[in-house]
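Novice: Got entry.cif for you, mmCIF, C-alpha atoms:
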```
data_run
loop_
_atom_site.label_atom_id
_atom_site.label_comp_id
_atom_site.auth_asym_id
_atom_site.auth_seq_id
_atom_site.Cartn_x
_atom_site.Cartn_y
_atom_site.Cartn_z
CA MET A 1 53.47 39.32 -12.12
CA ALA A 2 53.88 36.31 -14.39
CA ARG A 3 52.71 32.90 -13.37
CA PRO A 4 56.19 31.33 -12.78
CA GLU A 5 57.16 34.26 -10.59
CA GLU A 6 53.95 33.81 -8.58
CA LYS A 7 54.81 30.17 -8.00
CA ALA A 8 58.33 31.04 -6.96
CA GLN A 9 57.06 33.70 -4.58
CA ALA A 10 54.58 31.26 -3.06
CA MET A 11 57.24 28.60 -2.57
CA LEU A 12 59.56 31.19 -1.04
CA ASN A 13 56.87 32.24 1.41
CA LYS A 14 56.31 28.62 2.42
CA TRP A 15 60.03 28.07 2.93
CA VAL A 16 60.36 31.20 5.05
CA LYS A 17 57.35 30.14 7.13
CA MET A 18 58.70 26.64 7.66
CA ARG A 19 62.08 28.08 8.71
CA GLU A 20 60.43 30.39 11.25
CA GLN A 21 58.33 27.62 12.78
CA GLY A 22 61.15 25.11 12.81
CA ASP A 23 60.38 21.60 14.05
CA ASN A 24 56.84 22.56 15.08
CA TYR A 25 55.71 23.25 11.50
CA GLY A 26 53.94 19.89 11.03
CA GLN A 27 52.23 20.08 14.40
CA ILE A 28 51.08 23.64 13.78
CA GLN A 29 49.72 22.70 10.35
CA GLN A 30 47.89 19.75 11.88
CA SER A 31 46.26 21.98 14.49
CA ASN A 32 44.98 24.29 11.74
CA ARG A 33 43.02 21.47 10.09
CA ARG A 34 39.48 20.65 11.11
CA PRO A 35 39.28 17.19 12.71
CA TYR A 36 37.61 14.52 10.60
CA LEU A 37 35.35 13.60 13.52
CA ALA A 38 33.85 16.06 15.98
CA THR A 39 34.61 13.68 18.85
CA HIS A 40 38.34 14.22 18.29
CA CYS A 41 38.01 17.82 19.50
CA GLU A 42 38.55 18.21 23.25
CA HIS A 43 38.24 22.00 23.69
CA LEU A 44 35.10 24.10 23.52
CA ASN A 45 36.81 27.07 21.86
CA ASP A 46 38.15 24.86 19.08
CA ALA A 47 34.74 23.32 18.54
CA GLU A 48 33.20 26.78 18.27
CA LYS A 49 35.89 27.77 15.76
CA TRP A 50 35.30 24.71 13.56
CA ARG A 51 31.55 25.28 13.67
CA ARG A 52 31.98 28.86 12.46
CA GLN A 53 34.26 27.62 9.69
CA ILE A 54 31.62 25.12 8.54
CA ILE A 55 28.96 27.83 8.52
CA ARG A 56 31.18 30.01 6.32
CA GLU A 57 31.68 27.10 3.92
CA ILE A 58 27.93 26.44 3.81
CA SER A 59 27.21 30.11 3.08
CA ALA A 60 29.80 30.14 0.30
CA GLY A 61 28.36 26.96 -1.22
CA ILE A 62 24.78 28.28 -1.15
CA SER A 63 25.91 31.51 -2.82
CA LYS A 64 27.78 29.57 -5.50
CA ILE A 65 24.93 27.16 -6.26
CA GLN A 66 22.66 30.08 -7.19
CA ASN A 67 24.59 30.40 -10.47
CA GLU A 68 22.39 29.06 -13.26
CA GLY A 69 25.39 28.74 -15.56
CA LEU A 70 26.74 25.73 -13.67
CA GLY A 71 26.41 22.35 -15.31
CA GLU A 72 24.16 19.62 -13.99
CA HIS A 73 27.02 17.52 -12.59
CA ALA A 74 28.63 20.53 -10.93
CA VAL A 75 25.31 21.48 -9.35
CA ARG A 76 24.76 17.95 -8.02
CA ASP A 77 28.29 17.76 -6.58
CA LEU A 78 27.96 21.16 -4.96
CA ASN A 79 24.56 20.29 -3.53
CA ASP A 80 25.98 17.05 -2.09
CA SER A 81 28.85 18.95 -0.46
CA ILE A 82 26.43 21.42 1.12
CA ASN A 83 24.34 18.58 2.55
CA LYS A 84 27.51 16.96 3.88
CA LEU A 85 28.49 20.21 5.59
CA MET A 86 24.99 20.50 7.08
CA ARG A 87 25.30 17.04 8.62
CA GLU A 88 28.80 17.87 9.86
CA LYS A 89 27.52 21.06 11.48
CA PHE A 90 24.85 19.04 13.28
CA HIS A 91 27.52 16.76 14.78
CA TRP A 92 29.66 19.73 15.82
CA ASN A 93 26.62 21.25 17.54
CA LYS A 94 26.20 18.02 19.51
CA ARG A 95 29.89 18.02 20.40
CA ILE A 96 29.66 21.60 21.67
CA VAL A 97 26.83 20.54 23.99
CA GLN A 98 28.95 17.65 25.27
CA LEU A 99 31.80 20.08 26.01
CA GLY A 100 29.47 22.32 28.04
CA GLY A 101 28.54 24.85 25.37
CA PRO A 102 25.13 26.06 24.17
CA ASP A 103 22.74 23.77 22.29
CA TYR A 104 22.87 25.32 18.82
CA ASN A 105 20.56 22.69 17.35
CA LYS A 106 17.81 23.70 19.76
CA ILE A 107 18.49 27.40 19.26
CA GLU A 108 18.30 27.08 15.47
CA ARG A 109 15.09 25.09 15.70
CA ASN A 110 13.46 27.68 17.98
CA ASN A 111 14.49 30.45 15.61
CA GLN A 112 12.93 28.61 12.69
CA ILE A 113 9.68 28.12 14.60
CA ALA A 114 9.64 31.79 15.61
CA GLU A 115 10.10 32.83 11.98
CA GLY A 116 7.27 30.53 10.88
CA ILE A 117 9.43 28.23 8.79
CA ALA A 118 7.96 24.82 7.97
CA SER A 119 9.15 21.54 9.45
CA GLY A 120 11.66 21.13 6.64
CA GLY A 121 14.23 22.99 8.72
CA THR A 122 14.98 25.81 6.27
CA ASP A 123 13.02 28.33 4.33
CA SER A 124 11.49 26.87 1.16
CA SER A 125 12.86 29.85 -0.80
CA ILE A 126 16.39 28.72 0.15
CA SER A 127 16.02 24.95 -0.04
CA LEU A 128 13.54 22.12 -0.46
CA GLU A 129 13.72 19.01 1.68
CA GLY A 130 13.52 15.65 -0.01
CA SER A 131 13.59 12.14 1.41
CA SER A 132 15.72 11.32 4.46
CA GLY A 133 16.40 15.00 5.15
CA TYR A 134 18.31 15.58 1.91
CA ARG A 135 17.90 19.18 0.75
CA TYR A 136 18.08 20.88 -2.62
CA PHE A 137 19.57 24.37 -2.76
CA GLY A 138 19.48 27.03 -5.46
CA VAL A 139 19.59 25.68 -9.00
CA ALA A 140 19.43 22.11 -7.67
CA LYS A 141 15.69 22.61 -7.11
CA ASP A 142 15.25 22.78 -10.90
CA LEU A 143 17.22 19.63 -11.72
CA PRO A 144 15.48 16.90 -13.78
CA GLY A 145 13.43 14.65 -11.52
CA VAL A 146 13.45 17.01 -8.55
CA LYS A 147 10.31 18.92 -9.55
CA GLU A 148 8.44 15.65 -10.15
CA LEU A 149 9.51 14.43 -6.71
CA PHE A 150 8.08 17.46 -4.96
CA ALA A 151 4.96 17.40 -7.14
CA ARG A 152 4.18 13.88 -5.87
CA ASN A 153 4.81 14.94 -2.29
CA ALA A 154 2.56 17.96 -2.73
CA ALA A 155 -0.23 15.73 -4.07
CA LYS A 156 0.00 13.58 -0.94
CA LEU A 157 -0.12 16.63 1.30
CA THR A 158 -3.25 17.99 -0.42
CA LYS A 159 -5.35 15.02 0.71
CA ARG A 160 -8.35 16.40 2.54
CA LYS A 161 -8.85 15.60 6.20
CA ARG A 162 -12.04 15.43 8.24
CA GLY A 163 -11.62 19.01 9.42
CA ASP A 164 -11.22 20.24 5.85
CA VAL A 165 -14.47 18.53 4.86
CA TYR A 166 -16.37 20.24 7.68
CA LYS A 167 -15.12 23.63 6.52
CA PHE A 168 -17.13 23.40 3.28
CA ILE A 169 -20.41 22.15 4.84
CA THR A 170 -23.10 24.85 4.61
CA PRO A 171 -26.49 25.09 6.38
CA ASP A 172 -28.04 23.71 3.19
CA TYR A 173 -26.52 20.32 4.06
CA TYR A 174 -28.66 20.21 7.23
CA GLY A 175 -31.80 21.53 5.50
CA LEU A 176 -31.78 24.85 7.34
CA ARG A 177 -32.43 26.85 4.19
CA ASP A 178 -35.13 24.72 2.60
CA GLU A 179 -37.82 27.29 3.40
CA GLU A 180 -36.05 30.28 1.87
CA ASP A 181 -37.30 29.65 -1.68
CA GLY A 182 -40.92 29.31 -0.48
CA VAL A 183 -41.59 26.04 -2.35
CA LEU A 184 -41.62 23.92 0.80
CA LEU A 185 -43.81 26.40 2.68
CA GLU A 186 -46.32 26.42 -0.16
CA ALA A 187 -46.48 22.61 -0.21
CA GLU A 188 -46.90 22.45 3.57
CA GLU A 189 -49.67 25.04 3.48
CA LYS A 190 -51.49 23.14 0.76
CA ALA A 191 -51.25 19.86 2.67
CA ALA A 192 -52.41 21.57 5.89
CA LYS A 193 -55.50 23.01 4.20
CA MET A 194 -56.38 19.63 2.69
CA ARG A 195 -55.99 17.96 6.07
CA LEU A 196 -58.12 20.60 7.79
CA SER A 197 -60.91 20.21 5.23
CA GLN A 198 -60.92 16.42 5.73
CA LEU A 199 -61.22 16.83 9.49
CA ASN A 200 -64.03 19.37 9.13
CA ASN A 201 -65.92 16.98 6.85
CA LEU A 202 -65.53 14.21 9.39
CA ARG A 203 -66.87 16.44 12.14
CA LEU A 204 -69.91 17.39 10.09
CA GLU A 205 -70.59 13.74 9.24
CA TYR A 206 -70.31 12.82 12.89
CA GLN A 207 -72.71 15.52 14.00
CA LYS A 208 -75.25 14.57 11.30
CA SER A 209 -75.06 10.90 12.19
CA ARG A 210 -75.59 11.67 15.88
CA GLU A 211 -78.60 13.85 15.12
CA GLY A 212 -80.14 11.42 12.62
CA SER A 213 -79.79 8.31 14.78
CA GLY A 214 -80.96 10.02 17.94
CA GLY A 215 -77.71 9.36 19.73
CA GLY A 216 -76.84 5.97 18.15
CA ALA A 217 -73.59 5.18 16.47
CA GLY A 218 -73.34 6.38 12.93
CA GLY A 219 -70.89 6.51 10.10
CA GLY A 220 -67.75 8.50 10.09
CA TYR A 221 -65.48 8.96 13.04
CA ASP A 222 -66.87 7.34 16.18
CA TYR A 223 -65.57 9.12 19.26
CA ASP A 224 -66.82 6.31 21.52
CA THR A 225 -64.03 4.05 20.28
CA ASP A 226 -60.26 4.40 20.45
CA GLU A 227 -59.80 3.46 16.80
CA GLU A 228 -59.22 6.05 14.13
CA PRO A 229 -60.06 5.81 10.43
CA GLU A 230 -57.24 4.60 8.23
CA GLY A 231 -54.94 7.39 7.08
CA LEU A 232 -56.12 9.83 9.79
CA SER A 233 -54.00 8.73 12.75
CA MET A 234 -51.47 11.00 14.39
CA GLY A 235 -48.79 9.18 12.43
CA GLY A 236 -50.18 10.77 9.28
CA ILE A 237 -49.66 14.34 10.48
CA MET A 238 -47.21 16.09 8.19
CA GLY A 239 -46.31 19.20 10.15
CA ALA A 240 -47.21 21.83 12.74
CA ALA A 241 -50.27 22.98 10.78
CA ASP A 242 -51.63 19.40 10.73
CA ALA A 243 -51.06 19.10 14.46
CA ILE A 244 -53.08 22.27 15.06
CA ALA A 245 -55.84 20.98 12.77
CA ALA A 246 -55.92 17.68 14.68
CA HIS A 247 -56.32 19.54 17.97
CA VAL A 248 -59.14 21.63 16.50
CA ALA A 249 -61.07 18.44 15.57
CA VAL A 250 -61.19 17.16 19.21
CA PRO A 251 -64.84 16.94 20.49
CA THR A 252 -66.01 19.69 22.80
CA GLN A 253 -66.95 19.17 26.45
CA ASP A 254 -70.68 19.28 25.62
CA ILE A 255 -70.37 16.49 23.08
CA VAL A 256 -68.36 14.38 25.49
CA ALA A 257 -70.88 14.95 28.34
CA GLN A 258 -73.80 14.10 26.06
CA THR A 259 -72.07 10.92 24.87
CA ILE A 260 -71.40 9.77 28.44
CA LEU A 261 -75.03 10.48 29.45
CA GLU A 262 -76.43 8.49 26.52
CA ARG A 263 -74.09 5.58 27.29
CA LYS A 264 -75.30 5.49 30.92
CA LYS A 265 -78.96 5.56 29.78
CA LYS A 266 -78.31 2.67 27.46
CA GLN A 267 -76.64 0.59 30.21
CA LEU A 268 -79.53 1.30 32.62
CA LEU A 269 -82.15 0.20 30.09
CA GLU A 270 -80.24 -3.00 29.38
CA SER A 271 -80.01 -3.79 33.10
CA LEU A 272 -83.78 -3.33 33.56
CA LEU A 273 -84.69 -5.51 30.62
#
```
Could I get this structure in the form of structure tokens?
Specialist:
Amino acid sequence: MARPEEKAQAMLNKWVKMREQGDNYGQIQQSNRRPYLATHCEHLNDAEKWRRQIIREISAGISKIQNEGLGEHAVRDLNDSINKLMREKFHWNKRIVQLGGPDYNKIERNNQIAEGIASGGTDSSISLEGSSGYRYFGVAKDLPGVKELFARNAAKLTKRKRGDVYKFITPDYYGLRDEEDGVLLEAEEKAAKMRLSQLNNLRLEYQKSREGSGGGAGGGYDYDTDEEPEGLSMGGIMGAADAIAAHVAVPTQDIVAQTILERKKKQLLESLL
């Protein structure tokens, strides 16, 4: 059918429809339009109908914006209209709750959480959320400036937190694997042997001095005093092996008894003289 005939047929259909509806034509047409504000709707069934209509328009817009052949301005306008419809749907959901219907906002949010979708509200494969809740659908995600925007946001999100730092701490940080290579054990063993030889030399010098002086004080380590030679105090012990060597160098009970006996003899002679 040619174009003029199509127009004539359409006008004829409108005229026949107006004639059938009579004086109520304007009122009926007004009732078929979605109210500008959700608060103007007073019936739950109507609110549900308008919400379903908005969802159909959103679905159609998302399908249309997937076309890469659209121009930049067309993509931006279509993306703006989809965001406008998303906000309008949110208000209709609130109005449905006020009229005693289900809370669709809560239901949608629970579904998103159950599906593991991020806090952006929609799947990242469908849309990306920008500032102030504005979302980019389809080809709009590849518009100039949009990729840079999300790259900056991703850089902020990749900042490491305290928990992330602890994840990469190994036992090496606490020194728990220092002995695995054997270098530390070798150094400790060498220091322990040197310390043990020094203590043995001191013991021999002490015994020789006691024998040579007939019980008098001699050089070396004097067990009658509480002082220790410099560099040989317990503070100089380097490890467990040094502690064992220090315990080995303690005088025996016989030496202690002999020292006490000689001290008493000395005090008795001094008191008699």
Novice: The PyMOL selection byres ((chain A and resi 53) around 12) on the file shown: which residues, as a PyMOL selection string?
Specialist: chain A and resi 32-35+46-52+54-60+85-86+88-89+92
Novice: Give me the result of the PyMOL selection byres ((chain A and resi 39) around 12) on this file, residue by residue, as JSON, numbers by chain.
Specialist: {"A": [34, 35, 36, 37, 38, 40, 41, 42, 43, 44, 46, 47, 88, 91, 92, 93, 94, 95, 96, 97, 98, 99]}
Novice: Kindly give the distance, in Å, that separates atom CA of A:Thr252 and atom CA of A:Glu270, rounded to a single decimal.
Specialist: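 Atom CA of A:Glu270 lies at a distance of 27.6 Å from atom CA of A:Thr252.
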Novice: For the atom pair atom CA of A:Phe137 and atom CA of A:Ile62, what is the interatomic distance in Å to one decimal place?
Specialist: 6.7 Å
Novice: When distances are computed from all atoms listed in the file, which of A:Gln207, A:Asn13, A:Gln66, A:Asn45 shows the smallest separation from A:Pro102?
Specialist: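 Going through A:Gln207, A:Asn13, A:Gln66, A:Asn45 one by one, the smallest distance to A:Pro102 is for A:Asn45.
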